[in-house]
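Data from final25.txt: compact mmCIF, C-alpha atoms (C1' of nucleotides)
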```txt
# COMPACT_ATOMS: atom_id res chain seq x y z
CA MET A 1 -35.40 -48.51 -13.42
CA LEU A 2 -34.52 -45.29 -15.20
CA LEU A 3 -33.23 -45.16 -18.71
CA SER A 4 -29.74 -43.81 -19.31
CA LEU A 5 -29.27 -40.32 -20.66
CA ASP A 6 -28.08 -41.95 -23.84
CA ALA A 7 -31.25 -43.94 -24.25
CA LEU A 8 -33.39 -40.88 -23.60
CA GLU A 9 -31.48 -38.89 -26.20
CA ARG A 10 -31.81 -41.69 -28.70
CA ARG A 11 -35.56 -41.57 -28.30
CA ILE A 12 -35.63 -37.89 -29.17
CA VAL A 13 -33.50 -38.47 -32.26
CA VAL A 14 -35.54 -41.48 -33.39
CA SER A 15 -38.73 -39.42 -33.12
CA GLY A 16 -37.23 -36.95 -35.58
CA HIS A 17 -36.16 -34.20 -33.21
CA ARG A 18 -32.82 -32.67 -32.41
CA ILE A 19 -30.60 -33.03 -29.41
CA THR A 20 -29.74 -29.58 -28.11
CA ALA A 21 -27.88 -28.31 -25.09
CA PRO A 22 -31.07 -27.21 -23.25
CA ARG A 23 -32.70 -30.59 -23.87
CA ARG A 24 -29.65 -32.39 -22.59
CA THR A 25 -29.68 -30.20 -19.50
CA LEU A 26 -33.36 -30.91 -18.91
CA LEU A 27 -32.99 -34.67 -19.34
CA ASP A 28 -30.11 -34.63 -16.90
CA SER A 29 -32.07 -32.57 -14.38
CA MET A 30 -35.05 -34.89 -14.68
CA GLN A 31 -32.92 -37.86 -13.80
CA GLN A 32 -31.48 -36.03 -10.83
CA LEU A 33 -34.91 -34.95 -9.62
CA GLY A 34 -35.78 -38.62 -9.68
CA ASP A 35 -39.19 -40.10 -9.11
CA HIS A 36 -41.43 -37.19 -10.03
CA PHE A 37 -41.23 -33.44 -10.30
CA THR A 38 -43.22 -30.38 -11.17
CA ALA A 39 -42.50 -28.19 -14.18
CA GLU A 40 -41.40 -25.48 -11.77
CA GLN A 41 -38.95 -27.79 -10.00
CA LEU A 42 -37.51 -28.78 -13.32
CA ALA A 43 -37.13 -25.16 -14.37
CA ALA A 44 -35.39 -24.40 -11.09
CA ALA A 45 -33.10 -27.41 -11.48
CA ALA A 46 -32.09 -26.28 -14.96
CA PRO A 47 -31.09 -22.63 -14.64
CA GLY A 48 -30.30 -21.02 -17.95
CA VAL A 49 -33.09 -22.89 -19.68
CA GLY A 50 -36.12 -20.71 -20.37
CA ARG A 51 -39.47 -21.51 -18.84
CA ALA A 52 -41.08 -21.84 -22.25
CA THR A 53 -38.45 -24.36 -23.25
CA VAL A 54 -39.10 -26.37 -20.11
CA PHE A 55 -42.80 -26.65 -20.96
CA ARG A 56 -42.12 -27.27 -24.65
CA THR A 57 -39.65 -30.02 -23.84
CA LEU A 58 -42.02 -31.62 -21.36
CA ARG A 59 -44.71 -31.63 -24.02
CA LEU A 60 -42.34 -33.12 -26.58
CA LEU A 61 -41.27 -35.85 -24.18
CA GLN A 62 -44.89 -36.62 -23.39
CA GLU A 63 -45.66 -36.98 -27.08
CA ILE A 64 -42.89 -39.50 -27.57
CA GLY A 65 -43.87 -41.32 -24.38
CA THR A 66 -40.74 -40.54 -22.42
CA VAL A 67 -42.49 -38.48 -19.79
CA CYS A 68 -45.94 -39.01 -18.30
CA GLN A 69 -48.17 -36.81 -16.23
CA VAL A 70 -49.25 -37.61 -12.70
CA ILE A 71 -52.37 -35.87 -11.49
CA LEU A 72 -52.18 -35.58 -7.72
CA ASP A 73 -55.09 -35.80 -5.32
CA ASP A 74 -55.39 -32.02 -5.17
CA ARG A 75 -55.31 -31.89 -8.96
CA THR A 76 -51.82 -30.43 -9.18
CA LEU A 77 -49.72 -31.81 -11.97
CA GLU A 78 -46.41 -33.58 -11.75
CA TYR A 79 -44.25 -35.23 -14.36
CA ARG A 80 -42.36 -38.46 -14.32
CA LEU A 81 -39.85 -40.18 -16.55
CA ALA A 82 -41.64 -43.20 -17.99
CA SER A 83 -40.22 -46.25 -19.64
CA GLY A 84 -43.19 -46.10 -22.01
CA GLY A 85 -46.38 -48.04 -22.45
CA HIS A 86 -49.73 -47.49 -20.81
CA HIS A 87 -49.68 -47.58 -17.05
CA HIS A 88 -51.29 -46.04 -13.99
CA HIS A 89 -50.01 -44.32 -10.89
CA ALA A 90 -50.22 -45.06 -7.21
CA VAL A 91 -49.51 -41.87 -5.29
CA CYS A 92 -48.62 -42.02 -1.58
CA SER A 93 -50.18 -39.19 0.37
CA GLU A 94 -47.70 -39.73 3.23
CA CYS A 95 -44.31 -39.62 1.57
CA GLY A 96 -45.37 -38.38 -1.85
CA SER A 97 -43.83 -41.29 -3.72
CA VAL A 98 -45.31 -42.32 -7.04
CA ASP A 99 -45.30 -45.86 -8.37
CA ASP A 100 -46.30 -47.11 -11.77
CA PHE A 101 -48.45 -50.15 -12.17
CA GLU A 102 -50.10 -51.83 -15.07
CA ASN A 103 -52.64 -54.59 -15.04
CA ALA A 104 -54.27 -56.30 -17.97
CA ASP A 105 -57.29 -57.35 -15.88
CA ILE A 106 -58.27 -53.73 -15.37
CA GLU A 107 -58.11 -52.98 -19.07
CA VAL A 108 -60.16 -56.07 -19.86
CA LEU A 109 -62.72 -55.24 -17.21
CA LEU A 110 -63.03 -51.65 -18.38
CA HIS A 111 -63.58 -52.64 -21.98
CA ALA A 112 -66.11 -55.31 -21.01
CA LEU A 113 -67.93 -52.78 -18.87
CA ALA A 114 -67.89 -50.16 -21.60
CA SER A 115 -69.17 -52.54 -24.24
CA LEU A 116 -72.20 -53.24 -22.03
CA THR A 117 -73.23 -49.61 -22.40
CA GLY A 118 -72.00 -49.23 -25.96
CA PHE A 119 -69.22 -46.84 -24.96
CA THR A 120 -66.02 -47.17 -27.00
CA ILE A 121 -62.92 -46.50 -24.90
CA GLU A 122 -60.12 -44.69 -26.67
CA THR A 123 -58.03 -44.01 -23.62
CA HIS A 124 -58.40 -43.69 -19.88
CA ARG A 125 -56.79 -42.25 -16.83
CA LEU A 126 -56.51 -44.07 -13.52
CA GLU A 127 -54.75 -42.73 -10.45
CA LEU A 128 -54.73 -44.34 -7.01
CA TYR A 129 -54.21 -42.25 -3.88
CA GLY A 130 -53.34 -43.73 -0.52
CA ARG A 131 -50.33 -45.08 1.31
CA CYS A 132 -47.43 -46.97 -0.18
CA ALA A 133 -46.26 -50.24 1.37
CA PRO A 134 -43.50 -48.74 3.58
CA CYS A 135 -45.78 -45.98 4.88
CA THR A 136 -48.59 -48.46 5.50
CA ALA A 137 -46.21 -50.64 7.50
CA ARG A 138 -44.73 -47.71 9.38
CA LEU A 139 -48.12 -46.33 10.35
CA ALA A 140 -49.49 -49.73 11.31
CA GLY A 141 -46.50 -50.17 13.60
CA ALA A 142 -46.94 -46.72 15.08
CA GLU A 143 -50.55 -47.41 15.93
CA LEU A 144 -49.85 -50.38 18.20
CA PRO A 145 -48.04 -48.78 21.13
CA ILE A 146 -50.48 -46.02 22.03
CA GLY A 147 -48.94 -43.23 24.05
CA MET B 1 -81.77 -38.10 -12.61
CA LEU B 2 -81.12 -34.67 -11.12
CA LEU B 3 -82.08 -33.73 -7.61
CA SER B 4 -84.63 -30.98 -7.11
CA LEU B 5 -83.54 -27.51 -6.10
CA ASP B 6 -85.14 -28.21 -2.75
CA ALA B 7 -83.09 -31.33 -2.20
CA LEU B 8 -79.91 -29.52 -3.17
CA GLU B 9 -80.66 -26.70 -0.74
CA ARG B 10 -81.43 -29.16 2.01
CA ARG B 11 -77.99 -30.69 1.57
CA ILE B 12 -76.36 -27.33 2.09
CA VAL B 13 -78.35 -26.68 5.24
CA VAL B 14 -77.72 -30.16 6.62
CA SER B 15 -73.99 -29.69 6.15
CA GLY B 16 -74.17 -26.62 8.37
CA HIS B 17 -74.09 -23.88 5.76
CA ARG B 18 -76.51 -21.14 4.82
CA ILE B 19 -78.82 -20.78 1.90
CA THR B 20 -78.20 -17.41 0.30
CA ALA B 21 -79.52 -15.73 -2.81
CA PRO B 22 -76.26 -16.23 -4.78
CA ARG B 23 -76.17 -19.90 -3.84
CA ARG B 24 -79.76 -20.35 -4.92
CA THR B 25 -78.95 -18.64 -8.21
CA LEU B 26 -75.95 -20.89 -8.76
CA LEU B 27 -77.84 -24.08 -7.98
CA ASP B 28 -80.54 -23.03 -10.39
CA SER B 29 -78.01 -22.21 -13.12
CA MET B 30 -76.26 -25.53 -12.63
CA GLN B 31 -79.48 -27.40 -13.22
CA GLN B 32 -80.16 -25.37 -16.34
CA LEU B 33 -76.66 -25.94 -17.66
CA GLY B 34 -77.40 -29.63 -17.30
CA ASP B 35 -74.92 -32.42 -17.81
CA HIS B 36 -71.63 -30.69 -17.14
CA PHE B 37 -70.23 -27.20 -17.21
CA THR B 38 -67.08 -25.20 -16.60
CA ALA B 39 -66.69 -22.68 -13.82
CA GLU B 40 -66.67 -19.96 -16.45
CA GLN B 41 -69.93 -21.16 -18.00
CA LEU B 42 -71.51 -21.18 -14.59
CA ALA B 43 -70.29 -17.67 -13.87
CA ALA B 44 -71.71 -16.51 -17.21
CA ALA B 45 -75.03 -18.24 -16.52
CA ALA B 46 -75.33 -16.52 -13.15
CA PRO B 47 -74.71 -12.82 -13.81
CA GLY B 48 -74.63 -10.76 -10.66
CA VAL B 49 -72.79 -13.48 -8.78
CA GLY B 50 -69.11 -12.75 -8.31
CA ARG B 51 -66.48 -15.01 -9.77
CA ALA B 52 -65.00 -15.68 -6.36
CA THR B 53 -68.41 -16.77 -5.12
CA VAL B 54 -68.79 -19.13 -8.04
CA PHE B 55 -65.53 -20.86 -7.20
CA ARG B 56 -66.24 -20.81 -3.47
CA THR B 57 -69.65 -22.34 -4.00
CA LEU B 58 -68.29 -25.00 -6.34
CA ARG B 59 -65.74 -25.91 -3.70
CA LEU B 60 -68.38 -26.06 -1.00
CA LEU B 61 -70.61 -28.26 -3.13
CA GLN B 62 -67.71 -30.56 -3.87
CA GLU B 63 -66.98 -30.90 -0.17
CA ILE B 64 -70.52 -31.98 0.58
CA GLY B 65 -70.57 -34.29 -2.43
CA THR B 66 -73.17 -32.41 -4.45
CA VAL B 67 -70.82 -31.51 -7.27
CA CYS B 68 -68.03 -33.59 -8.73
CA GLN B 69 -65.14 -32.73 -10.99
CA VAL B 70 -64.63 -34.18 -14.45
CA ILE B 71 -61.11 -34.05 -15.78
CA LEU B 72 -61.25 -33.98 -19.56
CA ASP B 73 -58.77 -35.59 -21.90
CA ASP B 74 -56.90 -32.33 -22.37
CA ARG B 75 -56.81 -31.90 -18.57
CA THR B 76 -59.35 -29.08 -18.52
CA LEU B 77 -61.77 -29.22 -15.66
CA GLU B 78 -65.53 -29.41 -15.75
CA TYR B 79 -68.07 -29.75 -12.99
CA ARG B 80 -71.16 -31.87 -12.74
CA LEU B 81 -74.07 -32.17 -10.34
CA ALA B 82 -73.70 -35.54 -8.64
CA SER B 83 -76.25 -37.53 -6.75
CA GLY B 84 -73.43 -38.52 -4.43
CA GLY B 85 -71.43 -41.67 -3.91
CA HIS B 86 -68.22 -42.71 -5.59
CA HIS B 87 -68.41 -43.03 -9.34
CA HIS B 88 -66.38 -42.57 -12.49
CA HIS B 89 -66.86 -40.68 -15.71
CA ALA B 90 -67.08 -41.71 -19.35
CA VAL B 91 -66.39 -38.67 -21.51
CA CYS B 92 -67.36 -38.68 -25.19
CA SER B 93 -64.79 -36.93 -27.35
CA GLU B 94 -67.32 -36.58 -30.17
CA CYS B 95 -70.31 -34.89 -28.55
CA GLY B 96 -68.74 -34.00 -25.22
CA SER B 97 -71.33 -35.82 -23.15
CA VAL B 98 -70.34 -37.14 -19.75
CA ASP B 99 -71.84 -40.22 -18.15
CA ASP B 100 -71.39 -41.54 -14.66
CA PHE B 101 -70.76 -45.15 -14.01
CA GLU B 102 -69.94 -47.18 -10.99
CA ASN B 103 -68.82 -50.75 -10.79
CA ALA B 104 -68.03 -52.79 -7.74
CA ASP B 105 -65.81 -55.17 -9.72
CA ILE B 106 -63.37 -52.39 -10.48
CA GLU B 107 -63.14 -51.37 -6.85
CA VAL B 108 -62.60 -54.99 -5.81
CA LEU B 109 -59.98 -55.51 -8.48
CA LEU B 110 -58.12 -52.33 -7.55
CA HIS B 111 -58.02 -53.20 -3.88
CA ALA B 112 -56.90 -56.75 -4.62
CA LEU B 113 -54.20 -55.41 -6.90
CA ALA B 114 -53.09 -52.85 -4.33
CA SER B 115 -52.91 -55.35 -1.51
CA LEU B 116 -50.50 -57.43 -3.59
CA THR B 117 -48.01 -54.59 -3.46
CA GLY B 118 -48.93 -53.44 0.03
CA PHE B 119 -50.41 -50.18 -1.18
CA THR B 120 -53.43 -48.95 0.79
CA ILE B 121 -55.96 -47.18 -1.42
CA GLU B 122 -57.69 -44.22 0.15
CA THR B 123 -59.33 -42.94 -2.99
CA HIS B 124 -58.89 -43.09 -6.72
CA ARG B 125 -59.76 -41.31 -9.91
CA LEU B 126 -60.83 -43.08 -13.07
CA GLU B 127 -61.91 -41.33 -16.26
CA LEU B 128 -62.70 -43.01 -19.57
CA TYR B 129 -62.35 -41.13 -22.84
CA GLY B 130 -63.84 -42.33 -26.10
CA ARG B 131 -67.18 -42.39 -27.85
CA CYS B 132 -70.57 -42.74 -26.25
CA ALA B 133 -73.07 -45.28 -27.57
CA PRO B 134 -74.97 -42.91 -29.89
CA CYS B 135 -71.76 -41.49 -31.38
CA THR B 136 -70.30 -44.98 -31.80
CA ALA B 137 -73.43 -46.07 -33.66
CA ARG B 138 -73.56 -42.91 -35.74
CA LEU B 139 -69.93 -43.20 -36.77
CA ALA B 140 -70.18 -46.93 -37.47
CA GLY B 141 -73.12 -46.20 -39.77
CA ALA B 142 -71.29 -43.36 -41.47
CA GLU B 143 -68.34 -45.59 -42.25
CA LEU B 144 -70.27 -48.15 -44.29
CA PRO B 145 -71.36 -46.10 -47.33
CA ILE B 146 -68.01 -44.72 -48.41
CA GLY B 147 -68.29 -41.70 -50.66
C1' DG C 1 -85.34 -5.96 15.76
C1' DA C 2 -80.36 -6.56 17.35
C1' DG C 3 -76.31 -8.87 17.04
C1' DC C 4 -73.18 -12.38 15.74
C1' DT C 5 -71.10 -14.45 12.01
C1' DA C 6 -71.12 -16.57 7.55
C1' DC C 7 -71.13 -14.96 3.23
C1' DT C 8 -70.42 -11.78 -0.73
C1' DG C 9 -68.33 -8.83 -4.56
C1' DA C 10 -64.52 -6.45 -6.38
C1' DG C 11 -60.31 -6.63 -7.69
C1' DA C 12 -55.53 -7.70 -6.93
C1' DC C 13 -52.79 -11.53 -7.05
C1' DA C 14 -50.78 -16.37 -7.87
C1' DT C 15 -50.02 -20.28 -10.68
C1' DC C 16 -49.46 -22.71 -14.70
C1' DG C 17 -49.10 -22.90 -19.28
C1' DT C 18 -49.09 -20.94 -24.35
C1' DG C 19 -48.06 -17.70 -28.40
C1' DT C 20 -44.95 -14.64 -30.75
C1' DC C 21 -40.77 -13.40 -32.74
C1' DA C 22 -36.11 -12.33 -33.52
C1' DA C 23 -31.84 -14.69 -32.62
C1' DT C 24 -29.29 -18.96 -32.39
C1' DA C 25 -27.56 -23.59 -32.88
C1' DC C 26 -28.04 -28.21 -35.09
C1' DG C 27 -27.25 -31.48 -38.77
C1' DT C 28 -26.46 -31.98 -43.67
C1' DG C 29 -24.32 -31.53 -47.96
C1' DC C 30 -20.43 -30.15 -50.06
C1' DG D 1 -14.15 -27.00 -42.26
C1' DC D 2 -18.03 -24.03 -43.96
C1' DA D 3 -22.53 -22.43 -45.59
C1' DC D 4 -27.28 -23.15 -45.36
C1' DG D 5 -32.08 -24.36 -44.16
C1' DT D 6 -34.73 -25.18 -40.37
C1' DA D 7 -35.78 -26.65 -35.71
C1' DT D 8 -35.16 -24.72 -31.46
C1' DT D 9 -34.47 -21.17 -28.03
C1' DG D 10 -35.20 -17.23 -24.58
C1' DA D 11 -37.67 -13.30 -23.33
C1' DC D 12 -41.80 -11.59 -22.55
C1' DA D 13 -46.58 -10.69 -23.15
C1' DC D 14 -50.67 -12.97 -22.72
C1' DG D 15 -54.49 -16.11 -21.21
C1' DA D 16 -56.97 -19.30 -18.33
C1' DT D 17 -58.09 -20.75 -13.97
C1' DG D 18 -58.40 -20.24 -9.37
C1' DT D 19 -57.27 -17.89 -4.57
C1' DC D 20 -56.84 -14.09 -1.12
C1' DT D 21 -58.16 -9.94 1.14
C1' DC D 22 -61.24 -6.92 3.09
C1' DA D 23 -64.95 -3.95 3.84
C1' DG D 24 -69.79 -4.37 3.37
C1' DT D 25 -74.08 -7.26 3.55
C1' DA D 26 -77.44 -10.59 4.67
C1' DG D 27 -79.00 -15.04 7.31
C1' DC D 28 -80.13 -17.04 11.48
C1' DT D 29 -81.07 -16.96 16.35
C1' DC D 30 -82.63 -15.06 20.37
```

Write-out of the structure in structure tokens:
Amino acid sequence: MLLSLDALERRIVVSGHRITAPRRTLLDSMQQLGDHFTAEQLAAAAPGVGRATVFRTLRLLQEIGTVCQVILDDRTLEYRLASGGHHHHAVCSECGSVDDFENADIEVLLHALASLTGFTIETHRLELYGRCAPCTARLAGAELPIG
Amino acid sequence: MLLSLDALERRIVVSGHRITAPRRTLLDSMQQLGDHFTAEQLAAAAPGVGRATVFRTLRLLQEIGTVCQVILDDRTLEYRLASGGHHHHAVCSECGSVDDFENADIEVLLHALASLTGFTIETHRLELYGRCAPCTARLAGAELPIG
DNA sequence: GAGCTACTGAGACATCGTGTCAATACGTGC
DNA sequence: GCACGTATTGACACGATGTCTCAGTAGCTC
């Protein structure tokens, strides 16, 4: 569920920054791009907004937790509107969809594991690559009738 | 424990590629650079070897599982000689050290979690950022005597 | 030693992101 | 409604990182 433009703008104001026309344009474009997008796609979707502003705004939104980065399998970078909070990504290599997931068990397990070796976790990054449920189902169905 | 130069070269041959002087130089430099290194550091440590060859060789070594990538907290990329097999990285933000770790529980948990949502995991990427054991101890000690 | 082919180095190029700086627009106080 | 201080912007140069091309070279194999 995406936040409304209003809610997104409120976040920017609350964090002590200004609402400007370019930022409004970018927020709007992000919502239209949907699930996930590259910086270049966003720049293309918001003509009239300078490239530097696109990157600056993305960085600002990351800082206030409104946008998160998705590192794809080939290490390219995409962005995604986030509702906030720590989460991970499941990236489908078939259709390219990206889903968020969060799981307390993983966090607990990681910290337990780290404490065994004395490592203190400050943050972590976890990305899953594979096939989403619809693509898994579709491909499983396609495999049955050979030929 | 690092593999010997011999063992590294054997891997290249077994995978159907040639041992050349530049590749030998690069393998040697990688071992001398130790724990982890950037492509640029490797290029600097192997003068006479072209930049393109450095990147090509790193890619080749990744493909045959001899080198793995470490994505740092700030998204910069480092490389690391790997003994092979799937593993994760624990990156110390104090001293910059990188440790491998592997844990079957995590893999099991991830697959269990994925199957709940129907997602099929092909691969994943997990990086921990924080403080290694020595740095944790050092900083804990430093905190006690204030002033 | 000859020949096939993988490999190399140089350098241009592509991609992605940042730094600079003068100009502009936002929000506030009046 | 207007002036003002400052955050923000756009244009553009720059930097970091990696890829592509292509003629020349060097490893294997026979």

- Message: Using only C-alpha atoms (C1' of nucleotides), which protein or nucleic acid residues come within 7 Å of segment 128-145 of chain B? Drop anything in the same chain fewer than 5 positions from it, and give the result as a list in words.
- Response: Thr117, Gly118, Phe119, Thr120, Ile121, Glu122, Thr123, His124 and Arg125 of chain A; Asp73, His89, Ala90, Val91, Cys92, Ser93 and Glu94 of chain B

Using C-alpha atoms, can you write the selected residues to a file as a PDB file, keeping the file's coordinate frame?
```
ATOM      1  CA  THR A 117     -73.230 -49.610 -22.400  1.00  0.00           C
ATOM      2  CA  GLY A 118     -72.000 -49.230 -25.960  1.00  0.00           C
ATOM      3  CA  PHE A 119     -69.220 -46.840 -24.960  1.00  0.00           C
ATOM      4  CA  THR A 120     -66.020 -47.170 -27.000  1.00  0.00           C
ATOM      5  CA  ILE A 121     -62.920 -46.500 -24.900  1.00  0.00           C
ATOM      6  CA  GLU A 122     -60.120 -44.690 -26.670  1.00  0.00           C
ATOM      7  CA  THR A 123     -58.030 -44.010 -23.620  1.00  0.00           C
ATOM      8  CA  HIS A 124     -58.400 -43.690 -19.880  1.00  0.00           C
ATOM      9  CA  ARG A 125     -56.790 -42.250 -16.830  1.00  0.00           C
TER      10      ARG A 125
ATOM     11  CA  ASP B  73     -58.770 -35.590 -21.900  1.00  0.00           C
ATOM     12  CA  HIS B  89     -66.860 -40.680 -15.710  1.00  0.00           C
ATOM     13  CA  ALA B  90     -67.080 -41.710 -19.350  1.00  0.00           C
ATOM     14  CA  VAL B  91     -66.390 -38.670 -21.510  1.00  0.00           C
ATOM     15  CA  CYS B  92     -67.360 -38.680 -25.190  1.00  0.00           C
ATOM     16  CA  SER B  93     -64.790 -36.930 -27.350  1.00  0.00           C
ATOM     17  CA  GLU B  94     -67.320 -36.580 -30.170  1.00  0.00           C
TER      18      GLU B  94
END
```

- Task: Output the contact residues of chain B with respect to chain D at a cut-off of 12 Å, based on only C-alpha atoms (C1' of nucleotides), as number ranges by chain.
- Result: B: 13, 16-22, 38-40, 51-56, 58-59, 76-78

- Message: With distances taken over only C-alpha atoms, which residue among B:Gly50, B:Gly65, B:Gly85, B:Gly34 lies nearest Ser15 of chain B?
- Response: B:Gly65

Can you superpose chain B onto chain A by least squares over all C-alpha atoms paired in order and give the moved copy as a short mmCIF file (atom, residue, chain, number, x, y, z; two decimals) with C-alpha atoms, in the coordinates of the input?
```cif
data_model
loop_
_atom_site.label_atom_id
_atom_site.label_comp_id
_atom_site.auth_asym_id
_atom_site.auth_seq_id
_atom_site.Cartn_x
_atom_site.Cartn_y
_atom_site.Cartn_z
CA MET B 1 -35.46 -48.64 -13.68
CA LEU B 2 -34.58 -45.40 -15.44
CA LEU B 3 -33.32 -45.24 -18.98
CA SER B 4 -29.84 -43.90 -19.60
CA LEU B 5 -29.33 -40.39 -20.89
CA ASP B 6 -28.20 -41.97 -24.13
CA ALA B 7 -31.40 -43.95 -24.51
CA LEU B 8 -33.49 -40.87 -23.78
CA GLU B 9 -31.61 -38.85 -26.38
CA ARG B 10 -31.98 -41.61 -28.92
CA ARG B 11 -35.74 -41.48 -28.47
CA ILE B 12 -35.77 -37.80 -29.29
CA VAL B 13 -33.71 -38.32 -32.41
CA VAL B 14 -35.78 -41.29 -33.55
CA SER B 15 -38.94 -39.22 -33.23
CA GLY B 16 -37.47 -36.71 -35.67
CA HIS B 17 -36.35 -34.01 -33.27
CA ARG B 18 -32.98 -32.51 -32.46
CA ILE B 19 -30.73 -32.95 -29.50
CA THR B 20 -29.83 -29.52 -28.17
CA ALA B 21 -27.91 -28.33 -25.16
CA PRO B 22 -31.05 -27.22 -23.26
CA ARG B 23 -32.72 -30.56 -23.93
CA ARG B 24 -29.67 -32.42 -22.71
CA THR B 25 -29.65 -30.28 -19.58
CA LEU B 26 -33.32 -30.97 -18.96
CA LEU B 27 -32.99 -34.71 -19.44
CA ASP B 28 -30.09 -34.73 -17.04
CA SER B 29 -32.01 -32.69 -14.45
CA MET B 30 -35.02 -34.97 -14.75
CA GLN B 31 -32.92 -37.99 -13.93
CA GLN B 32 -31.42 -36.21 -10.94
CA LEU B 33 -34.82 -35.11 -9.69
CA GLY B 34 -35.74 -38.78 -9.76
CA ASP B 35 -39.18 -40.18 -9.12
CA HIS B 36 -41.40 -37.27 -10.01
CA PHE B 37 -41.16 -33.52 -10.24
CA THR B 38 -43.15 -30.42 -11.09
CA ALA B 39 -42.43 -28.20 -14.06
CA GLU B 40 -41.27 -25.54 -11.64
CA GLN B 41 -38.83 -27.89 -9.91
CA LEU B 42 -37.43 -28.86 -13.26
CA ALA B 43 -37.02 -25.24 -14.27
CA ALA B 44 -35.23 -24.54 -10.98
CA ALA B 45 -32.98 -27.57 -11.44
CA ALA B 46 -31.98 -26.42 -14.92
CA PRO B 47 -30.95 -22.78 -14.55
CA GLY B 48 -30.15 -21.14 -17.84
CA VAL B 49 -32.99 -22.94 -19.57
CA GLY B 50 -36.00 -20.74 -20.21
CA ARG B 51 -39.34 -21.53 -18.67
CA ALA B 52 -40.97 -21.77 -22.06
CA THR B 53 -38.37 -24.31 -23.11
CA VAL B 54 -39.03 -26.37 -20.02
CA PHE B 55 -42.72 -26.59 -20.83
CA ARG B 56 -42.08 -27.15 -24.53
CA THR B 57 -39.65 -29.94 -23.78
CA LEU B 58 -42.02 -31.57 -21.30
CA ARG B 59 -44.72 -31.50 -23.94
CA LEU B 60 -42.41 -32.98 -26.54
CA LEU B 61 -41.34 -35.75 -24.19
CA GLN B 62 -44.94 -36.52 -23.37
CA GLU B 63 -45.77 -36.80 -27.06
CA ILE B 64 -43.04 -39.35 -27.62
CA GLY B 65 -43.97 -41.21 -24.45
CA THR B 66 -40.81 -40.48 -22.49
CA VAL B 67 -42.53 -38.44 -19.82
CA CYS B 68 -45.94 -38.99 -18.29
CA GLN B 69 -48.17 -36.80 -16.19
CA VAL B 70 -49.24 -37.61 -12.65
CA ILE B 71 -52.35 -35.88 -11.44
CA LEU B 72 -52.18 -35.58 -7.67
CA ASP B 73 -55.10 -35.78 -5.30
CA ASP B 74 -55.38 -32.00 -5.12
CA ARG B 75 -55.30 -31.88 -8.95
CA THR B 76 -51.79 -30.44 -9.13
CA LEU B 77 -49.68 -31.83 -11.89
CA GLU B 78 -46.36 -33.61 -11.68
CA TYR B 79 -44.23 -35.22 -14.33
CA ARG B 80 -42.35 -38.47 -14.33
CA LEU B 81 -39.87 -40.18 -16.61
CA ALA B 82 -41.66 -43.19 -18.07
CA SER B 83 -40.22 -46.23 -19.73
CA GLY B 84 -43.20 -46.09 -22.06
CA GLY B 85 -46.37 -48.11 -22.40
CA HIS B 86 -49.71 -47.53 -20.75
CA HIS B 87 -49.66 -47.60 -16.98
CA HIS B 88 -51.28 -46.07 -13.94
CA HIS B 89 -50.02 -44.32 -10.85
CA ALA B 90 -50.24 -45.05 -7.14
CA VAL B 91 -49.55 -41.85 -5.23
CA CYS B 92 -48.66 -41.98 -1.53
CA SER B 93 -50.22 -39.13 0.42
CA GLU B 94 -47.77 -39.68 3.28
CA CYS B 95 -44.35 -39.57 1.63
CA GLY B 96 -45.40 -38.36 -1.80
CA SER B 97 -43.86 -41.28 -3.66
CA VAL B 98 -45.33 -42.31 -6.98
CA ASP B 99 -45.31 -45.85 -8.30
CA ASP B 100 -46.30 -47.12 -11.70
CA PHE B 101 -48.43 -50.15 -12.10
CA GLU B 102 -50.05 -51.86 -14.99
CA ASN B 103 -52.60 -54.61 -14.96
CA ALA B 104 -54.21 -56.35 -17.87
CA ASP B 105 -57.23 -57.38 -15.79
CA ILE B 106 -58.23 -53.77 -15.31
CA GLU B 107 -58.01 -53.04 -19.01
CA VAL B 108 -60.06 -56.15 -19.80
CA LEU B 109 -62.64 -55.28 -17.18
CA LEU B 110 -62.95 -51.69 -18.39
CA HIS B 111 -63.43 -52.72 -21.99
CA ALA B 112 -65.97 -55.38 -21.03
CA LEU B 113 -67.82 -52.83 -18.93
CA ALA B 114 -67.73 -50.26 -21.72
CA SER B 115 -68.98 -52.65 -24.35
CA LEU B 116 -72.04 -53.32 -22.20
CA THR B 117 -73.07 -49.71 -22.61
CA GLY B 118 -71.76 -49.35 -26.15
CA PHE B 119 -69.02 -46.95 -25.13
CA THR B 120 -65.77 -47.30 -27.10
CA ILE B 121 -62.71 -46.62 -24.95
CA GLU B 122 -59.88 -44.82 -26.68
CA THR B 123 -57.84 -44.13 -23.59
CA HIS B 124 -58.29 -43.78 -19.88
CA ARG B 125 -56.72 -42.30 -16.80
CA LEU B 126 -56.50 -44.10 -13.49
CA GLU B 127 -54.76 -42.73 -10.40
CA LEU B 128 -54.76 -44.32 -6.96
CA TYR B 129 -54.25 -42.22 -3.85
CA GLY B 130 -53.41 -43.68 -0.46
CA ARG B 131 -50.41 -45.03 1.39
CA CYS B 132 -47.51 -46.93 -0.08
CA ALA B 133 -46.34 -50.18 1.50
CA PRO B 134 -43.59 -48.68 3.69
CA CYS B 135 -45.87 -45.91 4.98
CA THR B 136 -48.69 -48.39 5.61
CA ALA B 137 -46.33 -50.57 7.64
CA ARG B 138 -44.84 -47.62 9.48
CA LEU B 139 -48.24 -46.24 10.42
CA ALA B 140 -49.61 -49.64 11.40
CA GLY B 141 -46.64 -50.07 13.73
CA ALA B 142 -47.06 -46.59 15.16
CA GLU B 143 -50.68 -47.27 16.01
CA LEU B 144 -50.03 -50.24 18.29
CA PRO B 145 -48.15 -48.62 21.20
CA ILE B 146 -50.57 -45.86 22.08
CA GLY B 147 -49.01 -43.08 24.11
#
```
